[in-house]
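Structure below is entry-v1.csv: CSV, C-alpha atoms.
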```
chain,number,residue,atom,x,y,z
A,197,MET,CA,-6.7,-15.6,-11.4
A,198,LYS,CA,-4.6,-18.6,-10.8
A,199,GLN,CA,-4.9,-20.3,-7.5
A,200,SER,CA,-1.3,-20.4,-6.4
A,201,LYS,CA,0.7,-20.1,-3.3
A,202,LEU,CA,1.9,-16.6,-4.1
A,203,LEU,CA,0.7,-14.1,-1.6
A,204,PHE,CA,1.9,-10.7,-2.8
A,205,ILE,CA,0.7,-7.8,-0.6
A,206,ILE,CA,2.5,-4.7,-1.3
A,207,SER,CA,1.3,-2.0,0.9
A,208,LEU,CA,1.4,1.5,-0.4
A,209,LEU,CA,1.6,2.9,3.3
A,210,PHE,CA,4.5,4.8,4.7
A,211,SER,CA,5.9,4.7,8.2
A,212,VAL,CA,7.9,7.8,9.0
A,213,LEU,CA,11.6,8.2,9.9
A,214,ILE,CA,12.7,11.6,11.0
A,215,SER,CA,16.4,11.2,10.2
A,216,CYS,CA,18.0,9.2,7.4
A,217,SER,CA,21.6,8.4,8.1
A,218,LYS,CA,22.1,6.0,5.1
A,219,ASP,CA,22.0,6.8,1.4
A,220,SER,CA,21.7,4.0,-1.1
A,221,ALA,CA,22.5,6.2,-4.1
A,222,PRO,CA,26.0,5.8,-5.7
A,223,ASN,CA,27.0,9.4,-5.1
A,224,GLY,CA,26.0,10.0,-1.4
A,225,SER,CA,26.4,13.7,-0.9
A,226,GLU,CA,25.0,14.7,-4.3
A,227,LYS,CA,21.9,12.5,-3.9
A,228,LEU,CA,21.2,13.7,-0.4
A,229,ALA,CA,21.3,17.3,-1.6
A,230,GLU,CA,18.5,16.4,-4.1
A,231,GLN,CA,16.2,14.8,-1.6
A,232,LYS,CA,13.3,16.4,0.1
A,233,PRO,CA,12.8,14.9,3.6
A,234,ILE,CA,9.2,14.5,4.8
A,235,ILE,CA,9.1,15.3,8.5
A,236,ILE,CA,6.4,13.6,10.5
A,237,SER,CA,6.5,12.8,14.2
A,238,ALA,CA,7.9,9.4,15.1
A,239,ALA,CA,4.7,8.5,17.0
A,240,ILE,CA,2.5,9.0,13.9
A,241,ALA,CA,5.1,7.2,11.7
A,242,ASN,CA,5.0,4.2,14.0
A,243,ASN,CA,1.2,4.2,14.1
A,244,ILE,CA,1.0,4.1,10.3
A,245,THR,CA,3.7,1.4,10.2
A,246,ASP,CA,1.9,-0.7,12.8
A,247,PHE,CA,-1.3,-0.4,10.8
A,248,SER,CA,0.5,-1.6,7.6
A,249,PHE,CA,1.9,-4.8,9.2
A,250,ASP,CA,-1.3,-5.5,11.1
A,251,PHE,CA,-3.3,-5.2,7.8
A,252,PHE,CA,-0.8,-7.4,6.1
A,253,LYS,CA,-0.9,-10.1,8.8
A,254,THR,CA,-4.7,-10.0,9.1
A,255,LEU,CA,-5.2,-10.3,5.3
A,256,GLN,CA,-3.1,-13.4,5.3
A,257,THR,CA,-5.6,-15.1,7.5
A,258,ASP,CA,-8.5,-14.6,5.1
A,259,PRO,CA,-9.3,-17.9,3.5
A,260,ALA,CA,-10.2,-16.1,0.3
A,261,VAL,CA,-6.6,-14.9,0.0
A,262,ASN,CA,-5.0,-18.1,-1.2
A,263,SER,CA,-3.3,-16.9,-4.4
A,264,ASP,CA,-1.3,-14.0,-5.7
A,265,ALA,CA,-2.2,-10.8,-3.9
A,266,PHE,CA,-1.3,-7.1,-3.9
A,267,VAL,CA,-2.7,-4.3,-1.7
A,268,SER,CA,-1.8,-0.8,-0.6
A,269,PRO,CA,-2.0,-0.1,3.2
A,270,LEU,CA,-1.5,3.7,2.5
A,271,SER,CA,-4.5,3.8,0.1
A,272,LEU,CA,-6.7,2.0,2.7
A,273,HIS,CA,-5.4,4.1,5.6
A,274,MET,CA,-6.3,7.3,3.7
A,275,ALA,CA,-9.7,6.1,2.6
A,276,LEU,CA,-10.5,5.1,6.2
A,277,GLY,CA,-9.2,8.5,7.3
A,278,MET,CA,-11.8,10.2,5.2
A,279,LEU,CA,-14.5,7.9,6.6
A,280,VAL,CA,-13.6,8.5,10.2
A,281,ASN,CA,-14.2,12.2,9.8
A,282,GLY,CA,-17.9,11.4,9.5
A,283,ALA,CA,-18.1,8.8,12.2
A,284,THR,CA,-19.1,9.5,15.8
A,285,ALA,CA,-19.2,7.7,19.2
A,286,GLU,CA,-18.2,4.0,19.3
A,287,THR,CA,-18.0,3.8,15.5
A,288,LYS,CA,-15.3,6.5,15.4
A,289,ALA,CA,-13.4,5.0,18.3
A,290,GLU,CA,-13.2,1.6,16.6
A,291,ILE,CA,-12.0,3.1,13.3
A,292,MET,CA,-9.4,5.2,15.0
A,293,LYS,CA,-8.2,2.1,16.9
A,294,THR,CA,-8.0,0.1,13.7
A,295,LEU,CA,-5.9,2.9,12.2
A,296,LYS,CA,-3.6,2.6,15.2
A,297,SER,CA,-4.4,6.3,15.8
A,298,GLU,CA,-6.4,6.3,19.0
A,299,ASN,CA,-3.7,8.4,20.6
A,300,LEU,CA,-4.2,11.2,18.0
A,301,SER,CA,-6.8,13.9,17.6
A,302,GLN,CA,-8.8,14.1,14.3
A,303,THR,CA,-7.0,17.2,13.4
A,304,GLU,CA,-3.5,15.6,14.0
A,305,LEU,CA,-4.5,12.8,11.7
A,306,ASN,CA,-6.0,15.0,9.1
A,307,GLU,CA,-2.9,17.3,9.0
A,308,THR,CA,-0.7,14.1,8.5
A,309,TYR,CA,-2.8,13.1,5.4
A,310,LYS,CA,-2.6,16.7,4.1
A,311,LYS,CA,1.2,16.7,4.4
A,312,LEU,CA,1.6,13.3,2.7
A,313,LEU,CA,-0.8,14.3,-0.1
A,314,LYS,CA,1.3,17.4,-0.8
A,315,GLU,CA,4.8,16.2,-0.2
A,316,LEU,CA,5.0,12.6,-1.4
A,317,PRO,CA,4.4,13.4,-5.1
A,318,GLU,CA,7.2,16.0,-4.9
A,319,VAL,CA,9.9,13.7,-3.4
A,320,ASP,CA,11.7,12.8,-6.6
A,321,PRO,CA,11.3,14.2,-10.1
A,322,LYS,CA,12.6,10.9,-11.4
A,323,VAL,CA,9.7,9.0,-9.8
A,324,LYS,CA,6.0,9.5,-10.7
A,325,MET,CA,3.9,9.3,-7.5
A,326,ALA,CA,0.3,10.5,-7.3
A,327,LEU,CA,-2.4,10.5,-4.7
A,328,ALA,CA,-6.1,11.5,-5.2
A,329,ASN,CA,-9.3,11.4,-3.2
A,330,SER,CA,-13.0,11.7,-4.2
A,331,ILE,CA,-16.4,11.7,-2.6
A,332,TRP,CA,-19.5,10.8,-4.7
A,333,TYR,CA,-23.0,11.0,-3.2
A,334,LYS,CA,-26.4,10.2,-4.6
A,335,ASN,CA,-28.4,13.2,-5.7
A,336,GLY,CA,-31.1,14.2,-3.3
A,337,TYR,CA,-29.1,13.6,-0.1
A,338,THR,CA,-27.7,16.5,1.9
A,339,VAL,CA,-24.2,15.8,3.1
A,340,GLU,CA,-23.1,17.6,6.2
A,341,PRO,CA,-21.2,20.8,5.2
A,342,ALA,CA,-18.5,20.3,7.8
A,343,PHE,CA,-17.7,16.9,6.5
A,344,LEU,CA,-17.4,18.1,2.9
A,345,THR,CA,-15.2,21.0,4.1
A,346,ASN,CA,-12.8,18.6,5.8
A,347,MET,CA,-12.7,16.4,2.6
A,348,LYS,CA,-11.7,19.4,0.5
A,349,ASP,CA,-9.3,21.1,3.0
A,350,TYR,CA,-7.4,18.1,4.2
A,351,PHE,CA,-7.8,15.5,1.5
A,352,ASN,CA,-8.1,17.8,-1.6
A,353,ALA,CA,-11.0,15.5,-2.5
A,354,LYS,CA,-13.2,15.9,-5.6
A,355,VAL,CA,-16.8,16.1,-4.4
A,356,ALA,CA,-19.7,15.5,-6.8
A,357,GLY,CA,-23.4,14.4,-6.7
A,358,LEU,CA,-24.5,11.6,-9.2
A,359,ALA,CA,-27.7,9.9,-10.1
A,360,PHE,CA,-26.2,6.5,-9.1
A,361,ALA,CA,-28.1,4.9,-12.0
A,362,PRO,CA,-27.8,1.1,-11.6
A,363,SER,CA,-25.7,0.5,-14.7
A,364,ASP,CA,-23.9,3.9,-15.3
A,365,THR,CA,-20.6,3.6,-13.5
A,366,SER,CA,-18.7,5.5,-16.2
A,367,TYR,CA,-17.8,8.5,-13.9
A,368,ILE,CA,-16.5,6.3,-11.1
A,369,ASN,CA,-14.5,3.9,-13.3
A,370,GLY,CA,-13.2,6.9,-15.3
A,371,TRP,CA,-11.9,8.6,-12.2
A,372,ALA,CA,-10.1,5.4,-11.2
A,373,ARG,CA,-8.6,5.1,-14.7
A,374,ASP,CA,-7.5,8.7,-14.8
A,375,ASN,CA,-5.8,8.6,-11.4
A,376,THR,CA,-3.9,5.4,-11.9
A,377,ASN,CA,-2.4,6.1,-15.4
A,378,GLY,CA,-4.9,3.7,-17.0
A,379,LYS,CA,-3.7,0.7,-14.9
A,380,ILE,CA,-7.1,0.3,-13.0
A,381,ASN,CA,-10.0,0.7,-15.4
A,382,LYS,CA,-12.9,-0.7,-13.4
A,383,VAL,CA,-13.7,-0.7,-9.7
A,384,LEU,CA,-17.6,-1.0,-10.0
A,385,SER,CA,-19.9,-2.9,-12.3
A,386,ASN,CA,-23.1,-1.4,-11.1
A,387,PHE,CA,-24.7,0.7,-8.3
A,388,ASP,CA,-26.7,-1.2,-5.6
A,389,ASP,CA,-30.2,0.4,-5.0
A,390,ASN,CA,-29.3,1.3,-1.4
A,391,LEU,CA,-25.9,2.8,-2.2
A,392,ILE,CA,-25.8,6.5,-1.5
A,393,MET,CA,-22.1,7.4,-1.2
A,394,LEU,CA,-18.6,6.3,-2.3
A,395,LEU,CA,-15.4,7.4,-0.7
A,396,MET,CA,-12.4,6.7,-2.9
A,397,ASN,CA,-8.6,7.0,-2.8
A,398,ALA,CA,-6.3,6.3,-5.7
A,399,LEU,CA,-2.5,5.8,-5.5
A,400,TYR,CA,-0.1,5.5,-8.4
A,401,PHE,CA,3.7,4.9,-8.4
A,402,LYS,CA,6.2,4.5,-11.2
A,403,GLY,CA,9.9,4.5,-10.4
A,404,ASP,CA,13.0,3.4,-12.3
A,405,TRP,CA,15.7,1.5,-10.4
A,406,THR,CA,18.7,3.7,-9.6
A,407,THR,CA,20.8,0.8,-10.8
A,408,GLN,CA,18.8,-0.9,-13.5
A,409,PHE,CA,19.0,-4.6,-14.5
A,410,ASP,CA,20.6,-5.4,-17.8
A,411,PRO,CA,17.9,-7.3,-19.9
A,412,LYS,CA,20.7,-9.4,-21.4
A,413,LYS,CA,21.4,-10.9,-18.0
A,414,THR,CA,17.7,-11.9,-17.5
A,415,SER,CA,17.5,-15.6,-17.9
A,416,ASP,CA,15.2,-18.6,-17.1
A,417,GLN,CA,16.0,-19.9,-13.7
A,418,PRO,CA,14.3,-22.2,-11.2
A,419,PHE,CA,12.0,-20.8,-8.4
A,420,THR,CA,11.2,-23.1,-5.5
A,421,LEU,CA,7.6,-22.9,-4.3
A,422,GLU,CA,6.8,-23.3,-0.6
A,423,ASN,CA,5.6,-26.9,-1.2
A,424,GLY,CA,9.1,-27.8,-2.6
A,425,THR,CA,8.2,-28.0,-6.3
A,426,ASN,CA,10.1,-25.9,-8.8
A,427,LYS,CA,8.9,-23.6,-11.7
A,428,THR,CA,10.9,-21.6,-14.2
A,429,VAL,CA,10.9,-17.8,-13.9
A,430,LYS,CA,12.5,-14.9,-15.7
A,431,MET,CA,15.2,-14.0,-13.2
A,432,MET,CA,16.7,-10.5,-13.5
A,433,ASN,CA,20.4,-10.5,-12.3
A,434,GLN,CA,23.0,-7.9,-11.4
A,435,GLN,CA,26.0,-7.3,-9.0
A,436,ASP,CA,26.3,-3.9,-7.5
A,437,SER,CA,26.6,-2.0,-4.2
A,438,PHE,CA,23.3,-2.1,-2.1
A,439,GLU,CA,22.3,-1.8,1.5
A,440,TYR,CA,22.1,-5.4,2.9
A,441,ALA,CA,21.7,-7.2,6.2
A,442,SER,CA,21.5,-10.7,7.5
A,443,PHE,CA,19.2,-11.5,10.4
A,444,ILE,CA,18.5,-14.8,12.2
A,445,ASP,CA,15.5,-15.8,10.1
A,446,TYR,CA,15.9,-13.8,6.9
A,447,TYR,CA,18.1,-11.5,4.7
A,448,VAL,CA,17.2,-8.0,3.7
A,449,LEU,CA,18.2,-6.0,0.6
A,450,ARG,CA,17.2,-2.4,-0.1
A,451,MET,CA,17.2,-1.2,-3.8
A,452,PRO,CA,16.6,2.5,-4.5
A,453,TYR,CA,14.5,4.2,-7.2
A,454,GLY,CA,15.5,7.5,-8.8
A,455,ASN,CA,17.4,9.7,-6.4
A,456,GLY,CA,17.2,7.1,-3.7
A,457,GLN,CA,14.4,8.6,-1.5
A,458,PHE,CA,11.9,5.9,-2.6
A,459,VAL,CA,13.3,2.4,-2.1
A,460,ALA,CA,12.2,-1.2,-2.4
A,461,THR,CA,13.0,-3.5,0.6
A,462,LEU,CA,13.3,-7.2,-0.3
A,463,ILE,CA,13.0,-9.7,2.4
A,464,LEU,CA,14.3,-13.2,1.7
A,465,PRO,CA,13.6,-15.9,4.4
A,466,LYS,CA,16.3,-18.4,5.2
A,467,VAL,CA,15.9,-21.9,3.8
A,468,SER,CA,14.1,-23.3,6.8
A,469,LYS,CA,11.7,-20.3,7.2
A,470,THR,CA,8.6,-19.0,5.4
A,471,ILE,CA,7.9,-15.5,4.2
A,472,SER,CA,4.5,-15.5,5.9
A,473,GLY,CA,6.1,-16.5,9.2
A,474,VAL,CA,8.7,-13.8,8.9
A,475,PHE,CA,6.0,-11.1,8.2
A,476,ASN,CA,4.0,-12.3,11.2
A,477,GLU,CA,6.8,-11.2,13.4
A,478,PHE,CA,7.0,-7.7,11.9
A,479,ASP,CA,5.8,-4.4,13.5
A,480,ALA,CA,7.0,-0.9,13.7
A,481,THR,CA,9.8,-1.8,16.1
A,482,LYS,CA,11.1,-4.6,13.9
A,483,TRP,CA,10.8,-2.6,10.8
A,484,ASN,CA,12.9,0.3,12.3
A,485,ASP,CA,15.4,-2.2,13.5
A,486,VAL,CA,15.8,-3.5,9.9
A,487,GLN,CA,16.4,0.0,8.6
A,488,ASN,CA,19.0,0.7,11.2
A,489,ASN,CA,21.0,-2.4,10.5
A,490,LEU,CA,21.4,-2.2,6.7
A,491,GLN,CA,25.0,-1.7,5.5
A,492,LYS,CA,26.1,-0.9,2.0
A,493,GLN,CA,28.2,-3.6,0.3
A,494,THR,CA,28.5,-5.4,-3.0
A,495,VAL,CA,25.8,-8.0,-3.4
A,496,ILE,CA,24.9,-10.5,-6.2
A,497,VAL,CA,21.1,-9.9,-6.8
A,498,GLY,CA,18.5,-12.0,-8.5
A,499,VAL,CA,14.8,-10.9,-8.7
A,500,PRO,CA,12.1,-12.5,-10.8
A,501,LYS,CA,10.0,-10.3,-13.1
A,502,PHE,CA,6.3,-10.3,-12.1
A,503,LYS,CA,3.0,-8.6,-12.8
A,504,LEU,CA,-0.4,-8.7,-11.0
A,505,THR,CA,-3.8,-7.2,-11.4
A,506,GLN,CA,-6.3,-7.9,-8.6
A,507,GLU,CA,-9.3,-7.0,-6.5
A,508,PHE,CA,-9.9,-7.6,-2.8
A,509,SER,CA,-12.9,-7.3,-0.5
A,510,LEU,CA,-11.6,-6.0,2.8
A,511,ASN,CA,-14.8,-6.2,5.0
A,512,ASN,CA,-13.7,-9.3,6.9
A,513,THR,CA,-10.1,-8.2,7.3
A,514,LEU,CA,-11.2,-4.8,8.8
A,515,LYS,CA,-13.7,-6.5,11.1
A,516,LYS,CA,-10.9,-8.7,12.4
A,517,MET,CA,-8.8,-5.6,13.0
A,518,GLY,CA,-11.5,-4.2,15.3
A,519,MET,CA,-13.7,-2.2,12.9
A,520,GLN,CA,-17.1,-3.8,13.6
A,521,LYS,CA,-19.7,-1.3,14.2
A,522,ALA,CA,-19.2,0.7,10.9
A,523,PHE,CA,-20.6,-2.3,9.0
A,524,SER,CA,-23.6,-2.8,11.3
A,525,ASP,CA,-27.1,-1.2,11.3
A,526,GLY,CA,-26.0,0.6,14.5
A,527,ALA,CA,-23.2,2.4,12.7
A,528,GLU,CA,-22.8,6.1,13.8
A,529,PHE,CA,-22.1,8.4,10.8
A,530,GLY,CA,-24.0,11.5,11.9
A,531,GLY,CA,-21.0,13.6,10.7
A,532,ILE,CA,-21.9,12.6,7.1
A,533,LEU,CA,-25.7,12.5,7.1
A,534,LYS,CA,-27.5,13.9,10.1
A,535,ASN,CA,-31.0,12.7,9.5
A,536,GLU,CA,-30.4,9.5,7.6
A,537,PRO,CA,-28.9,6.4,9.2
A,538,ILE,CA,-26.1,4.9,7.1
A,539,LYS,CA,-23.4,2.2,7.3
A,540,VAL,CA,-20.5,0.9,5.4
A,541,SER,CA,-21.6,-1.6,2.9
A,542,PHE,CA,-18.3,-2.6,1.4
A,543,ILE,CA,-14.6,-1.7,1.4
A,544,LYS,CA,-12.7,-3.0,-1.6
A,545,GLN,CA,-9.3,-2.4,-3.2
A,546,ASN,CA,-8.3,-2.8,-6.8
A,547,THR,CA,-4.5,-3.1,-7.4
A,548,PHE,CA,-1.8,-3.4,-10.1
A,549,VAL,CA,1.9,-4.0,-9.9
A,550,ALA,CA,4.6,-4.8,-12.5
A,551,VAL,CA,8.3,-5.3,-11.8
A,552,ASP,CA,10.9,-5.5,-14.6
A,553,GLU,CA,14.5,-4.6,-15.4
A,554,VAL,CA,13.7,-0.8,-15.6
A,555,GLY,CA,11.7,-0.4,-12.4
A,556,THR,CA,8.3,-0.8,-10.7
A,557,GLU,CA,4.9,0.5,-11.6
A,558,ALA,CA,2.1,0.1,-9.1
A,559,ALA,CA,-1.4,1.4,-8.5
A,560,ALA,CA,-4.3,1.0,-6.0
A,561,VAL,CA,-7.8,2.3,-5.7
A,562,THR,CA,-9.6,1.9,-2.4
A,563,THR,CA,-13.4,2.2,-2.6
A,564,ILE,CA,-15.7,2.6,0.4
A,565,GLY,CA,-19.5,2.1,-0.3
A,566,MET,CA,-22.1,3.6,2.1
A,567,VAL,CA,-25.7,2.5,2.2
A,568,THR,CA,-28.8,3.5,4.1
A,569,THR,CA,-29.9,1.3,7.0
A,570,SER,CA,-33.1,0.4,8.7
A,571,LEU,CA,-31.5,1.4,12.0
A,572,PRO,CA,-29.1,4.0,13.0
A,573,SER,CA,32.5,-13.7,-0.9
A,574,TYR,CA,29.9,-11.4,-1.7
A,575,PRO,CA,26.8,-12.4,-0.1
A,576,SER,CA,24.3,-13.7,-2.6
A,577,PHE,CA,20.7,-12.5,-2.6
A,578,ILE,CA,19.0,-14.7,-5.2
A,579,CYS,CA,15.2,-14.7,-4.8
A,580,ASN,CA,14.7,-18.2,-5.9
A,581,ARG,CA,12.1,-19.0,-3.2
A,582,PRO,CA,9.2,-17.0,-1.7
A,583,PHE,CA,10.4,-13.5,-0.6
A,584,GLY,CA,9.1,-10.2,0.7
A,585,PHE,CA,8.9,-6.9,-1.2
A,586,ILE,CA,8.4,-3.5,0.4
A,587,ILE,CA,8.4,0.0,-1.3
A,588,SER,CA,8.9,2.9,1.0
A,589,GLU,CA,9.9,6.6,1.1
A,590,LYS,CA,13.2,6.6,3.0
A,591,THR,CA,13.3,10.0,4.8
A,592,SER,CA,9.8,9.6,6.3
A,593,ASN,CA,10.0,5.8,6.5
A,594,THR,CA,6.5,5.7,5.0
A,595,ILE,CA,5.7,2.3,3.5
A,596,LEU,CA,3.9,2.5,0.2
A,597,PHE,CA,3.6,-1.1,-0.7
A,598,MET,CA,4.3,-4.4,1.1
A,599,GLY,CA,4.0,-8.0,0.1
A,600,ARG,CA,5.3,-11.5,-0.4
A,601,VAL,CA,6.0,-13.2,-3.7
A,602,MET,CA,5.5,-16.9,-3.5
A,603,ASN,CA,4.8,-17.9,-7.2
A,604,PRO,CA,5.9,-15.1,-9.5
A,605,GLU,CA,4.3,-14.7,-13.0
A,606,ALA,CA,5.6,-12.3,-15.7
A,607,ASN,CA,3.5,-11.3,-18.7
```
Starting from the coordinates I provided, produce the structure as structure tokens.
Amino acid sequence: MKQSKLLFIISLLFSVLISCSKDSAPNGSEKLAEQKPIIISAAIANNITDFSFDFFKTLQTDPAVNSDAFVSPLSLHMALGMLVNGATAETKAEIMKTLKSENLSQTELNETYKKLLKELPEVDPKVKMALANSIWYKNGYTVEPAFLTNMKDYFNAKVAGLAFAPSDTSYINGWARDNTNGKINKVLSNFDDNLIMLLMNALYFKGDWTTQFDPKKTSDQPFTLENGTNKTVKMMNQQDSFEYASFIDYYVLRMPYGNGQFVATLILPKVSKTISGVFNEFDATKWNDVQNNLQKQTVIVGVPKFKLTQEFSLNNTLKKMGMQKAFSDGAEFGGILKNEPIKVSFIKQNTFVAVDEVGTEAAAVTTIGMVTTSLPSYPSFICNRPFGFIISEKTSNTILFMGRVMNPEAN
């Protein structure tokens, strides 16, 4: 992986809007009739959005994240949602607070996941969107029946016992490959001797732009890095009607996929600002303000082609977000194994994203490893400098992916 100044974190997590007064599709009434709004309470929507931006901002402070980066907040939120079902006492409270869901009951949170799992893939027949969960445990361990019931009922999770032979990760990697359309082929190289359980979430998205870019208009153009130097990128160009807004520190453009219910929100900082600084100011309130101020108008658009495949360790990020005890020998996961003290060994995420003239393809697999413990005229919007990129479902305001592009590469 090149060490560059591009930090691209596209978070596959969705905040939720109850009403959607704007339509970015060319034929407004016809497209609105085709959409299937996802109705979730504003409070839960804001919780998920706050988690998305908190995760993004915290990840940016990790010294290891100093190059291109792409993650999915939704995939992480759902994987942690499975984990919290087996946590108790202080460990449970910390995870719920990290999820920004301390004001919710476990049932309310589970019902939200169940709704998103069922309805997000059905939003748009022109967009392929899939979510899958799985629980893998080491043969010989007895997992609490209530925990497994919740995993099946609310998360539709595949549950299976494995030998966890040190070098045989074929089942795990095969599940990741099958549930990301072959975009993520490997999430584990081997099983640690102490590993006794894996909780996994996979998220896949493939959407074509409602108004696609003409490949003939893609050309080599300069892109200015944050340090002031220039590089040449493959810039896609078009002029059309999009939802657009100008704020004090940045410009925003929203581009729809398919029938317009899934959208990409691009954030371009003004010349004197940085994309990391802009994102550091975002939360649910700011995000909702952006949605409410977009207005449809003709815009000249330029977006560089790019492609990323990456892996992230999220232990330190989640500890900074307040999830401390789950990683310690004092972790409380009696809801998973009653007679065996266990803790979280690692939380990692493997991701893929490709953006071209046709649309966007993105995938993420979040893996949580559990181990035993010893103790319990027209405005121009030319992205020729670092910019932000958000994919969301419009009617629920759920953010799928979120990130910043600082040094785009196209394969």
#### Entry: Shortest interatomic distance to Asn484 in chain A - which of A:Ile595, A:Asp416, A:Leu504, A:Thr513, counting all atoms listed in the file
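Smallest separation from Asn484 in chain A among the options: A:Ile595.
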#### Entry: Best match for closeness to Lys430 in chain A among A:Lys253, A:Lys334, A:Lys412, A:Lys293, counting all atoms listed in the file
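Nearest to Lys430 in chain A: A:Lys412.
Reported to one decimal place, the separation of CA of Gly357 in chain A from CA of Asn535 in chain A is 18.0 Å.
Between CA of Ser472 in chain A and CA of Thr547 in chain A lies a distance of 20.3 Å.
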### Task
Could you give me, as a PyMOL selection string, the residues within 10 Å of Ala359 in chain A, counting all atoms listed in the file and dropping anything in the same chain fewer than 6 positions from it?
chain A and resi 332-336+387+392
### Query
Within 10 Å of (-5.3, 2.3, -13.8), in the coordinates the file gives, what residues turn up when you count all atoms listed in the file, written out as a list in words?
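The answer, in the requested form, is Asn369, Gly370, Trp371, Ala372, Arg373, Asp374, Asn375, Thr376, Asn377, Gly378, Lys379, Ile380, Asn381, Lys382, Val383, Ala398, Leu399, Tyr400, Thr505, Asn546, Thr547, Phe548, Ala558, Ala559, Ala560 and Val561 of chain A.
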### Task
Name the residues in contact with Ala283 in chain A at a cut-off of 12 Å, using only C-alpha atoms, excluding same-chain residues fewer than 3 positions from it; report them as number ranges by chain.
A: 276-280, 286-292, 302, 340, 343, 519, 521-523, 526-534, 537-540
### Message
Can you pull out the residues contacting Met274 in chain A? Cut-off 12 Å, using only C-alpha atoms, and skip same-chain residues under 5 positions away; I want them as a ChimeraX atom specification.
### Response
/A:208-210,244,247-248,268-269,279-281,291-292,295,305-310,312-313,327-330,347,350-353,395-399,560-564,596
### Message
Using all atoms listed in the file for the distances, tell me which of A:Phe443, A:Ser509, A:Leu464, A:Ala275 is nearest to Asp485 in chain A.
### Response
A:Phe443
Residues near Val323 in chain A, cut-off 10 Å, all atoms listed in the file, skip fewer than 3 positions along chain, as a PDB file with C-alpha atoms, keeping the file's coordinate frame:
```
ATOM      1  CA  PRO A 317       4.400  13.400  -5.100  1.00  0.00           C
ATOM      2  CA  GLU A 318       7.200  16.000  -4.900  1.00  0.00           C
ATOM      3  CA  VAL A 319       9.900  13.700  -3.400  1.00  0.00           C
ATOM      4  CA  ASP A 320      11.700  12.800  -6.600  1.00  0.00           C
ATOM      5  CA  ALA A 326       0.300  10.500  -7.300  1.00  0.00           C
ATOM      6  CA  PHE A 401       3.700   4.900  -8.400  1.00  0.00           C
ATOM      7  CA  LYS A 402       6.200   4.500 -11.200  1.00  0.00           C
ATOM      8  CA  GLY A 403       9.900   4.500 -10.400  1.00  0.00           C
ATOM      9  CA  ASP A 404      13.000   3.400 -12.300  1.00  0.00           C
ATOM     10  CA  TRP A 405      15.700   1.500 -10.400  1.00  0.00           C
ATOM     11  CA  TYR A 453      14.500   4.200  -7.200  1.00  0.00           C
ATOM     12  CA  GLY A 454      15.500   7.500  -8.800  1.00  0.00           C
ATOM     13  CA  ASN A 455      17.400   9.700  -6.400  1.00  0.00           C
ATOM     14  CA  GLY A 456      17.200   7.100  -3.700  1.00  0.00           C
ATOM     15  CA  GLN A 457      14.400   8.600  -1.500  1.00  0.00           C
ATOM     16  CA  PHE A 458      11.900   5.900  -2.600  1.00  0.00           C
ATOM     17  CA  GLY A 555      11.700  -0.400 -12.400  1.00  0.00           C
ATOM     18  CA  THR A 556       8.300  -0.800 -10.700  1.00  0.00           C
ATOM     19  CA  GLU A 557       4.900   0.500 -11.600  1.00  0.00           C
TER      20      GLU A 557
END
```
